[in-house]
Each structure stands twice: as C-alpha cells, then as structure tokens.
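Okay, so here's the structure we're looking at.
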Amino acid sequence: FFKQKTAYEISACLVGSEMCIRDRGMVMLYSASSFKSLYLSSGLSDTIYLRSHLKRMIIGVTAMFFFAILDYRKLKSIAPHFIIISIFLLFLTKAISVFNGSTSADRWLNLGLISMQTSDIARLSLIIYLSYYMDKKGSRIRDFYTGIIPPLFLIDLMLFLFIIQPDFSTAVVLGIIGFIMLFIGGAKFSHLAAASGAALAIMIPVMLMMPYRMKRIIYWMSSIFGESGTISQGLGYQAQQSLISLGNGGIKGLGIGNSLEKNLFLPEPHTDFIFAIIGEELGLWGAIIVLSIFLFLFQRGIKIAKETTDPFGIFLSIGIVASICLYTFINIGYVTGILPVTGLPIPLISHGGSNLITTLLSLGILLNISEAKRSIKNKFWSNKLDD
C-alpha cells in the first residue's frame, strides 16, 4: 500500500510542479511582454505574445496528456525513424536558408501553416534514440567500435548540423546530454573523456570564429576578473541590463507589472531574459521559488528513474530531466552573469513554440513512465490478494 501511495505521490508532485511553473510562467510572460506588445501594435493590444503562447500551450498540454496515456515503450519502435527524420529536418532548415540567400542565423523551419525550431525536435529524438540504443546494447556499450562509436558518430553529425545553422549553444547542450546519458548507460569514462576532448578541440576554435561570440566571451572574462574599463564597454549590453534588472528587484521586488527594464531597455525580456524580469518584479525570494520548483521537478524525475526497473525508462527519464534542467540553469547562469550569454530559453516560462511543446510532451512521457511503474505494482498486489 505504501509503495503504491509513493508512486501516486510522485506523479501528483510532478504534475503539480509542472502546473506551478506553467501558471507562474504565463503571468510573468504577460508582464514581461506587455510593453513590447503595445509597442508592436501601436498601443492596440498588450497580449500579442500571451495569446500566441496560450495557443502553443494548448497544443503542448494536449501532447502531454496524449503521451501520458500512450505506453512509452512504443517509442522504441519509432526511435530509429524519429532520429532520421530529425536529422533530415535539420538539414532541410539549413538548405532552405542557403537557398533563400540568408546569411544570418536561421533556426526555424517554416512549413506554411506551422513553423518549428528543428533543434528542439532533434534534441528529443536524440534522447529517445540513445535510450533505445543503450537498452538494446546493454553491457556491449562498453565496447569501443561496436558500442560507443555509433552513438558518438550520430551525436557528432547532429552537432555539425546545429553549428552550421548556427546554433552553438544548443549544440553544447546536446553534447552534454549525450555525455550524461552514455555515462549513465555504462559507457567507459575513458572513451567519453577522449571523445569530449576531441569535441572541445574542434568546437572552441569554431566558437571563437564568430565575432559576436568572441565579444560575449571577452565581456564575460572581463567581468570575472573585475575589469570594467574600455574592454567591456559596449560588448555586453544584454548582460549589463540583465544585472541592472536583477538589482532593481532587490529582495522583495518591484511588484508584478512594475518592471522598468522590460520597457525596451532589456532585449528579449519575454524569451531569453525573462528570469531577469522575474527577479526584478518578484525579487530574490520570487527567483528562489522559481529555481526551487525546477529543483523539485529534477528530484521527482530522478526518483522516477530510480524506481523504474525498465532500462529504457531509466535512460529516458534521465535524458528528459537532464535536458530541462540544463536549459534552466544555463539560462539562469547567463542572466546572473555566471555564464556568457547564450540565448537558450528557460523551459515552460519563456515565450516560444517548439521548446514549450517539446517540454510538455517530454513531461507526458515522464508521467507515463511513472504510471507504467505504478501499473506493475498494482498488478502485483492484486495477484497477491487473489492468492
């Protein structure tokens, strides 16, 4: 009875924390985007971004409930096809961009009625495929040629397609997720360390090739060593405004809707830097509460993984919670100046379509893993009573 009760509590807490983040996120999204909405609509509407976010939220919640009902083990059969489709979409995104003569970053694939950020689809497909691959290989993942090389080649291919978009920050996150999942799956640390060293040797020069990345790194390094001279001036406007926003909030905050930085001082206050608006309006205590909810979500996800006996479910749970928490803490890291600015959104709070839908869909899979574990327990106890 107590084991069943614990399983129910895990799912209830997971849903509760997701709803808490989502509801708080919608309030803060409206507050952060209202001024920009008024600016874009010439004062006619302050809910442009809120309405688009709600539409995507409906799609995401529908997907979450669908995958919460669908047996997650069925994902094994589509994993190889899903990864191939996602790689094709990444290639198609870049091909269309080149065909249109675009020289700027183009990470969205416009299909007419819908547009999607293909990196979010690729990230989810990699998590599902690596879970399927490691479940299939078992202990053979420790072999170099027949175990670790195939997934590393796949990850390298996806990293290359991310970088040429260019979307360097997402490529880094994808590499970290792949490292974590392969390590949990039993791959040798020496193999992973060698692969990581080779990847860093290639990616660091590539990162420094782009002028805007170099400027962000220079400003970040100068802020770490306390240099506030001419080197950092004009190189880190976003980071500077983000810290000003957090400083305005202090301990208690200015109150919801009273942010000053969202009035076109802080770039992208409703997406990349929405956590700065949270800190400004809700203060230090509000920021800590949001961070604590994500930590609680991470703890619930790890608990589901620990109590799942199916290896595929374990790897899938770890991949999902690692993805959500990496995005969260990298976003908070660059908003607070701990990391250089990357442009990654904070899940369930930042305005966005593909990331929001993918995150909710992933949480649906996580709920289904917990439900499958509970169903096995219920069957076990019902058989005991029959005996």
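The chains in the structure tokens are called A, B, ... from first to last as shown; in each chain the residues are counted from 1, and the ligands are counted from 1 in the order shown.
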Do you know which residues are at most 8 Å from Phe298 of chain A counting only C-alpha atoms, after dropping those on the same chain fewer than 6 positions away, and could you put them as a PDB file with N, CA and C atoms, in the first residue's frame?
```
ATOM      1  N   VAL A 321      14.907  14.840 -17.799  1.00  0.00           N
ATOM      2  CA  VAL A 321      15.149  15.788 -16.703  1.00  0.00           C
ATOM      3  C   VAL A 321      16.484  16.509 -16.891  1.00  0.00           C
ATOM      4  N   ALA A 322      17.476  15.831 -17.460  1.00  0.00           N
ATOM      5  CA  ALA A 322      18.761  16.489 -17.724  1.00  0.00           C
ATOM      6  C   ALA A 322      18.583  17.612 -18.733  1.00  0.00           C
ATOM      7  N   CYS A 325      16.625  20.621 -17.048  1.00  0.00           N
ATOM      8  CA  CYS A 325      17.412  21.326 -16.034  1.00  0.00           C
ATOM      9  C   CYS A 325      18.638  22.001 -16.626  1.00  0.00           C
TER      10      CYS A 325
END
```
List as a tab-separated table every residue of segment 272-300 of chain A that is in contact with segment 333-341 of chain A, defined as an atom at most 12 Å from one of its atoms (using only C-alpha atoms), together with the nearest atom pair and the distance in Å rounded to one decimal, sorted by chain and then rising number.
```
residue	atom	partner	partner_atom	distance
A:Asp272	CA	A:Val335	CA	8.3
A:Phe273	CA	A:Val335	CA	6.3
A:Ile274	CA	A:Val335	CA	8.8
A:Phe275	CA	A:Val335	CA	7.0
A:Ala276	CA	A:Val335	CA	6.3
A:Ile277	CA	A:Val335	CA	10.0
A:Ile278	CA	A:Val335	CA	11.0
A:Gly279	CA	A:Thr336	CA	9.9
A:Glu280	CA	A:Val335	CA	11.9
A:Leu284	CA	A:Thr336	CA	11.8
A:Ala287	CA	A:Thr336	CA	11.1
A:Leu291	CA	A:Gly333	CA	11.6
```
Mind writing the picked residues with N, CA and C atoms as a tab-separated table (two decimals), in the first residue's frame?
```
chain	number	residue	atom	x	y	z
A	272	ASP	N	14.67	35.17	-23.81
A	272	ASP	CA	15.97	34.82	-23.23
A	272	ASP	C	16.17	35.36	-21.83
A	273	PHE	N	15.63	36.54	-21.53
A	273	PHE	CA	15.92	37.21	-20.25
A	273	PHE	C	14.68	37.37	-19.38
A	274	ILE	N	13.75	36.45	-19.50
A	274	ILE	CA	12.54	36.56	-18.68
A	274	ILE	C	12.83	36.33	-17.20
A	275	PHE	N	13.89	35.57	-16.90
A	275	PHE	CA	14.23	35.35	-15.49
A	275	PHE	C	14.68	36.65	-14.83
A	276	ALA	N	15.31	37.54	-15.62
A	276	ALA	CA	15.70	38.85	-15.07
A	276	ALA	C	14.46	39.66	-14.69
A	277	ILE	N	13.40	39.55	-15.49
A	277	ILE	CA	12.14	40.25	-15.17
A	277	ILE	C	11.51	39.63	-13.93
A	278	ILE	N	11.61	38.31	-13.80
A	278	ILE	CA	11.10	37.64	-12.58
A	278	ILE	C	11.83	38.18	-11.36
A	279	GLY	N	13.17	38.29	-11.47
A	279	GLY	CA	13.94	38.81	-10.35
A	279	GLY	C	13.64	40.27	-10.04
A	280	GLU	N	13.32	41.04	-11.07
A	280	GLU	CA	13.03	42.46	-10.87
A	280	GLU	C	11.65	42.66	-10.24
A	284	LEU	N	14.37	38.65	-4.97
A	284	LEU	CA	15.20	37.47	-4.72
A	284	LEU	C	14.37	36.28	-4.29
A	287	ALA	N	12.63	34.69	-7.28
A	287	ALA	CA	13.59	33.96	-8.11
A	287	ALA	C	13.97	32.63	-7.46
A	291	LEU	N	13.39	28.83	-8.96
A	291	LEU	CA	14.52	27.90	-9.03
A	291	LEU	C	14.24	26.64	-8.22
```
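Nearest residue to Gly185 of chain A, choosing from A:Tyr133, A:Tyr39, A:Tyr72, A:Phe66 and counting only C-alpha atoms: A:Tyr133.
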With segment 310-319 of chain A as the partner and 12 Å as the cut-off, tabulate the residues of segment 186-301 of chain A that qualify, each row holding the nearest pair of atoms and their distance in Å to one decimal, using only C-alpha atoms, sorted by chain and rising number, as a Markdown table.
```
| residue | atom | partner | partner_atom | distance |
| --- | --- | --- | --- | --- |
| A:Gly186 | CA | A:Phe315 | CA | 10.8 |
| A:Leu297 | CA | A:Ser317 | CA | 11.7 |
| A:Phe298 | CA | A:Ile318 | CA | 9.2 |
| A:Gln299 | CA | A:Ile318 | CA | 10.7 |
| A:Arg300 | CA | A:Ser317 | CA | 10.0 |
| A:Gly301 | CA | A:Ser317 | CA | 6.3 |
```
Put those residues in a file: all heavy atoms, as a compact mmCIF listing (two decimals), in the first residue's frame.
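Output file result-v7.txt is given in full below:
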```
# COMPACT_ATOMS: atom_id res chain seq x y z
N GLY A 186 26.50 3.20 -19.04
CA GLY A 186 27.58 2.25 -18.80
C GLY A 186 28.78 2.40 -19.71
O GLY A 186 29.69 1.55 -19.65
N LEU A 297 11.30 19.54 -9.54
CA LEU A 297 10.98 18.78 -10.75
C LEU A 297 12.11 17.82 -11.09
O LEU A 297 11.88 16.66 -11.46
CB LEU A 297 10.73 19.74 -11.91
CG LEU A 297 10.35 19.14 -13.27
CD1 LEU A 297 9.02 18.41 -13.17
CD2 LEU A 297 10.28 20.23 -14.33
N PHE A 298 13.34 18.28 -10.95
CA PHE A 298 14.51 17.42 -11.19
C PHE A 298 14.53 16.25 -10.21
O PHE A 298 14.76 15.09 -10.60
CB PHE A 298 15.79 18.25 -11.05
CG PHE A 298 17.04 17.45 -11.16
CD1 PHE A 298 17.50 17.01 -12.39
CD2 PHE A 298 17.79 17.13 -10.03
CE1 PHE A 298 18.66 16.26 -12.52
CE2 PHE A 298 18.95 16.40 -10.14
CZ PHE A 298 19.39 15.97 -11.38
N GLN A 299 14.26 16.52 -8.93
CA GLN A 299 14.26 15.46 -7.92
C GLN A 299 13.17 14.43 -8.19
O GLN A 299 13.39 13.23 -8.05
CB GLN A 299 14.07 16.10 -6.53
CG GLN A 299 14.22 15.14 -5.37
CD GLN A 299 12.91 14.50 -4.94
OE1 GLN A 299 11.83 15.04 -5.22
NE2 GLN A 299 12.99 13.36 -4.28
N ARG A 300 12.00 14.88 -8.62
CA ARG A 300 10.92 13.95 -8.95
C ARG A 300 11.29 13.08 -10.15
O ARG A 300 11.02 11.88 -10.18
CB ARG A 300 9.64 14.72 -9.25
CG ARG A 300 9.01 15.45 -8.10
CD ARG A 300 8.37 14.50 -7.10
NE ARG A 300 9.25 14.20 -5.98
CZ ARG A 300 8.94 13.37 -5.00
NH1 ARG A 300 7.79 12.74 -5.01
NH2 ARG A 300 9.78 13.16 -4.03
N GLY A 301 11.92 13.70 -11.15
CA GLY A 301 12.31 12.93 -12.33
C GLY A 301 13.35 11.88 -12.01
O GLY A 301 13.28 10.74 -12.50
```
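The closest residue to Lys262 of chain A, picked from A:Leu92, A:Leu38, A:Ile202, A:Leu344 and counting only C-alpha atoms, is A:Leu38.
Those residues of segment 61-287 of chain A that DSSP, working from the backbone, places in strand (DSSP E) are Trp108, Leu109, Asn110, Ser115, Met116 and Gln117 of chain A.
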DSSP alpha helix (DSSP H) selection over segment 97-251 of chain A, as JSON, numbers by chain: {"A": [97, 98, 99, 118, 119, 120, 121, 122, 123, 124, 125, 126, 127, 128, 129, 130, 131, 132, 133, 134, 135, 136, 137, 149, 150, 151, 152, 153, 154, 155, 156, 157, 158, 159, 160, 161, 162, 163, 168, 169, 170, 171, 172, 173, 174, 175, 176, 177, 178, 179, 180, 181, 182, 183, 184, 189, 190, 191, 192, 193, 194, 195, 196, 197, 198, 199, 200, 201, 202, 203, 204, 205, 206, 207, 208, 209, 211, 212, 213, 214, 215, 216, 217, 218, 219, 220, 221, 222, 223, 224, 237, 238, 239, 240, 241, 242, 243, 244, 245, 246, 247, 248, 249]}
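Nearest-residue note for Ile330 of chain A: choosing from A:Ser52, A:Gln117, A:Ser242, A:Ser169, the minimum distance belongs to A:Ser169, counting only C-alpha atoms.
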Long-range neighbours of Leu361 of chain A as a ChimeraX atom specification, 7 Å cut-off, only C-alpha atoms, 4 positions minimum in chain: /A:60,63-64,67,357,365
Option closest in space to Ile127 of chain A, from A:Leu154, A:Leu50, A:Ile256, A:Ile177 [counting only C-alpha atoms]: A:Ile177
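Our summary of the geometry notes that atom CA of Thr93 of chain A is positioned 28.8 Å from atom CA of Gly197 of chain A.
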Residue with smallest distance to Gly352 of chain A - pool A:Gln240, A:Ser196, A:Thr271, A:Ser37, counting only C-alpha atoms: A:Thr271
Closest of A:Met158, A:Leu182, A:Gln238, A:Ile48 to Leu89 of chain A - atom-to-atom distances counting only C-alpha atoms: A:Met158
Spatial neighbours of Ala171 of chain A, max dist 9 Å, only C-alpha atoms, sep filter under 6 positions, as a list in words: Ser119, Met158, Leu159, Phe160, Leu161, Phe162 and Ile163 of chain A
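The two atoms in question, atom CA of Leu326 of chain A and atom CA of Leu282 of chain A, are spaced 23.1 Å apart.
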Which residues come within 12 Å of Ser354 of chain A, counting only C-alpha atoms, excluding same-chain residues fewer than 2 positions away, as a tab-separated table (two decimals) with C-alpha atoms, in the first residue's frame?
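Once everything was written out, this is around_37.tsv:
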```tsv
chain	number	residue	atom	x	y	z
A	53	HIS	CA	1.85	31.46	-26.00
A	55	LYS	CA	-2.23	28.69	-28.34
A	56	ARG	CA	1.03	26.77	-28.15
A	57	MET	CA	0.28	25.87	-24.54
A	59	ILE	CA	-1.10	22.13	-28.21
A	60	GLY	CA	1.59	21.27	-25.67
A	107	ARG	CA	16.93	28.01	-36.92
A	108	TRP	CA	13.24	27.86	-37.82
A	109	LEU	CA	11.68	25.71	-40.50
A	114	ILE	CA	3.29	25.89	-38.99
A	115	SER	CA	6.88	26.78	-38.21
A	116	MET	CA	9.18	24.85	-35.90
A	117	GLN	CA	12.60	25.08	-34.37
A	118	THR	CA	14.11	21.83	-35.59
A	119	SER	CA	16.77	21.74	-32.86
A	120	ASP	CA	14.09	21.05	-30.23
A	121	ILE	CA	12.77	18.09	-32.22
A	122	ALA	CA	16.32	16.82	-32.74
A	123	ARG	CA	17.08	17.04	-29.02
A	124	LEU	CA	14.04	14.94	-28.08
A	345	PRO	CA	15.18	29.81	-23.21
A	347	PRO	CA	11.53	25.83	-20.18
A	348	LEU	CA	7.81	26.40	-19.52
A	350	SER	CA	10.00	31.75	-21.86
A	351	HIS	CA	7.84	32.60	-24.86
A	352	GLY	CA	8.27	30.02	-27.58
A	356	LEU	CA	7.28	24.67	-24.94
A	357	ILE	CA	5.55	21.87	-26.85
A	358	THR	CA	8.61	19.62	-26.70
A	359	THR	CA	9.00	20.18	-22.96
A	360	LEU	CA	5.35	19.41	-22.21
A	361	LEU	CA	5.47	16.35	-24.47
A	362	SER	CA	8.59	15.16	-22.60
```
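A straight line drawn from atom CA of Phe65 of chain A to atom CA of Lys136 of chain A is 27.5 Å long.
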